[in-house]
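Undergrad: Sending over a structure as structure tokens; questions will come in a sec.
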Amino acid sequence: MSASSAPQPAPTPSRVAHLVQGLAFTGHLPADLSLFLRHHSLPKTLAHSLRVGQMAYGLALRFAVDPHLARLAGWLHDCSAVIPTPMRLQAALSWGIEVLPEEAAFPLILHQKLSVVIAAEVFGINHPSILSAVGCHTTLKAGASPLDKIVFIADKLAWDQPGDPSYQAAVQNGLSRSLDASVLAYINILIENRPTLPGPLHPWLLQAHAELTQTC
């Protein structure tokens, strides 16, 4: 698999066909993702996704992970932004995705699972490592691979809001020591600021935290 191409998209099942109606893909992922997100009026999501892909590529080189897989996962991580947040719970249920109570209470977080479906069924991605990284890029999970952690951190560092994120220095300091140290630094900040967060802490994130505190 090349750095800029993905397999030709598979025939689109009916559950996501409405998302690509009228679109003609080429099998060249950056162009197809751009077409897809612009069709849904999401240029900011596209810009963020391209930055995450670039950041993930650089981190993968730094930490001896396949950079091409990292870039593909970074490009695709937010492809489900085409589904508005108020519709994500219903979409997940109708697509047969397991929905945890915390996700039902805060459907925004479901986008990582929805992105797995879109990456596979719209863009023809079937590489399990890419789909894993896409599927936990917001919360991480226990037993996360280095690729999972790279996309998780790349998403956080490719900040898509004005200014610099408050956690940036801590995460960058962690990266100077190890990939795990950077992940733990970010999760520690979330846990410390739990009362101010808009939704509950996801159980996958808490499981990843428990695991990392034993190894870092």
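How things are named: the first chain in the structure tokens is A, the next is B, and so on; residues count from 1 in each chain; ligands count from 1 in the order shown.
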Residues of segment 60-170 of chain A within 7 Å of segment 205-213 of chain A: nearest atom pair and distance (Å, one decimal) for each, counting only C-alpha atoms, sorted by chain and number, as a tab-separated table?

TA:
residue	atom	partner	partner_atom	distance
A:Thr139	CA	A:Leu205	CA	4.9
A:Leu140	CA	A:Leu205	CA	5.6
A:Lys141	CA	A:Ala208	CA	4.9
A:Ala142	CA	A:Ala208	CA	4.3

Undergrad: Output the selection as a PDB file, in the first residue's frame - C-alpha atoms for each residue.

TA:
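Final output, result25.pdb:
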ATOM      1  CA  THR A 139     -10.203   7.397  23.667  1.00  0.00           C
ATOM      2  CA  LEU A 140      -7.390   4.939  23.033  1.00  0.00           C
ATOM      3  CA  LYS A 141      -7.940   1.505  24.644  1.00  0.00           C
ATOM      4  CA  ALA A 142      -6.221  -1.175  26.681  1.00  0.00           C
TER       5      ALA A 142
END

Undergrad: Return as a tab-separated table the residues of segment 90-181 of chain A lying at most 9 Å from segment 62-69 of chain A, together with the closest atom-to-atom pair for each and the distance in Å to one decimal, counting only C-alpha atoms, with rows in chain order and ascending residue number.

TA:
residue	atom	partner	partner_atom	distance
A:His127	CA	A:Leu69	CA	8.7
A:Ser129	CA	A:Leu69	CA	7.7
A:Ile130	CA	A:Leu69	CA	6.2
A:Pro146	CA	A:Val65	CA	7.0
A:Leu147	CA	A:Val65	CA	6.6
A:Ile150	CA	A:Phe63	CA	8.7
A:Ser178	CA	A:Phe63	CA	8.5
A:Leu179	CA	A:Phe63	CA	7.5

Undergrad: How would the residues just chosen look if you wrote them out with C-alpha atoms as a short mmCIF file (atom, residue, chain, number, x, y, z; two decimals), in the first residue's frame?

TA:
data_model
loop_
_atom_site.label_atom_id
_atom_site.label_comp_id
_atom_site.auth_asym_id
_atom_site.auth_seq_id
_atom_site.Cartn_x
_atom_site.Cartn_y
_atom_site.Cartn_z
CA HIS A 127 -6.16 -3.31 7.07
CA SER A 129 -4.15 -1.96 12.10
CA ILE A 130 -5.53 1.09 10.30
CA PRO A 146 2.07 1.76 18.85
CA LEU A 147 0.12 2.77 15.74
CA ILE A 150 0.55 7.51 17.38
CA SER A 178 8.65 7.92 24.99
CA LEU A 179 5.41 7.47 23.10
#

Undergrad: Figure out the distance between atom CA of Ala185 of chain A and atom CA of Ser166 of chain A, please, to one decimal in Å.

TA: 11.9 Å

Undergrad: Ranking A:Ser34, A:Ala154, A:Tyr167, A:Val82 by minimum distance to Asn193 of chain A and counting only C-alpha atoms, which one comes first?

TA: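 When distances to Asn193 of chain A are compared using only C-alpha atoms, the smallest one comes from A:Tyr167.
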
Undergrad: Using only C-alpha atoms, find the one residue out of A:Gln21, A:Gly53, A:Ala158, A:His202 that sits nearest to Ala104 of chain A.

TA: A:His202

Undergrad: Can you pull out every residue from segment 104-192 of chain A that DSSP, working from the backbone, puts in alpha helix (DSSP H), and format the result as a PyMOL selection string?

TA: chain A and resi 104-105+111-121+128-135+146-157+168-175+179-192
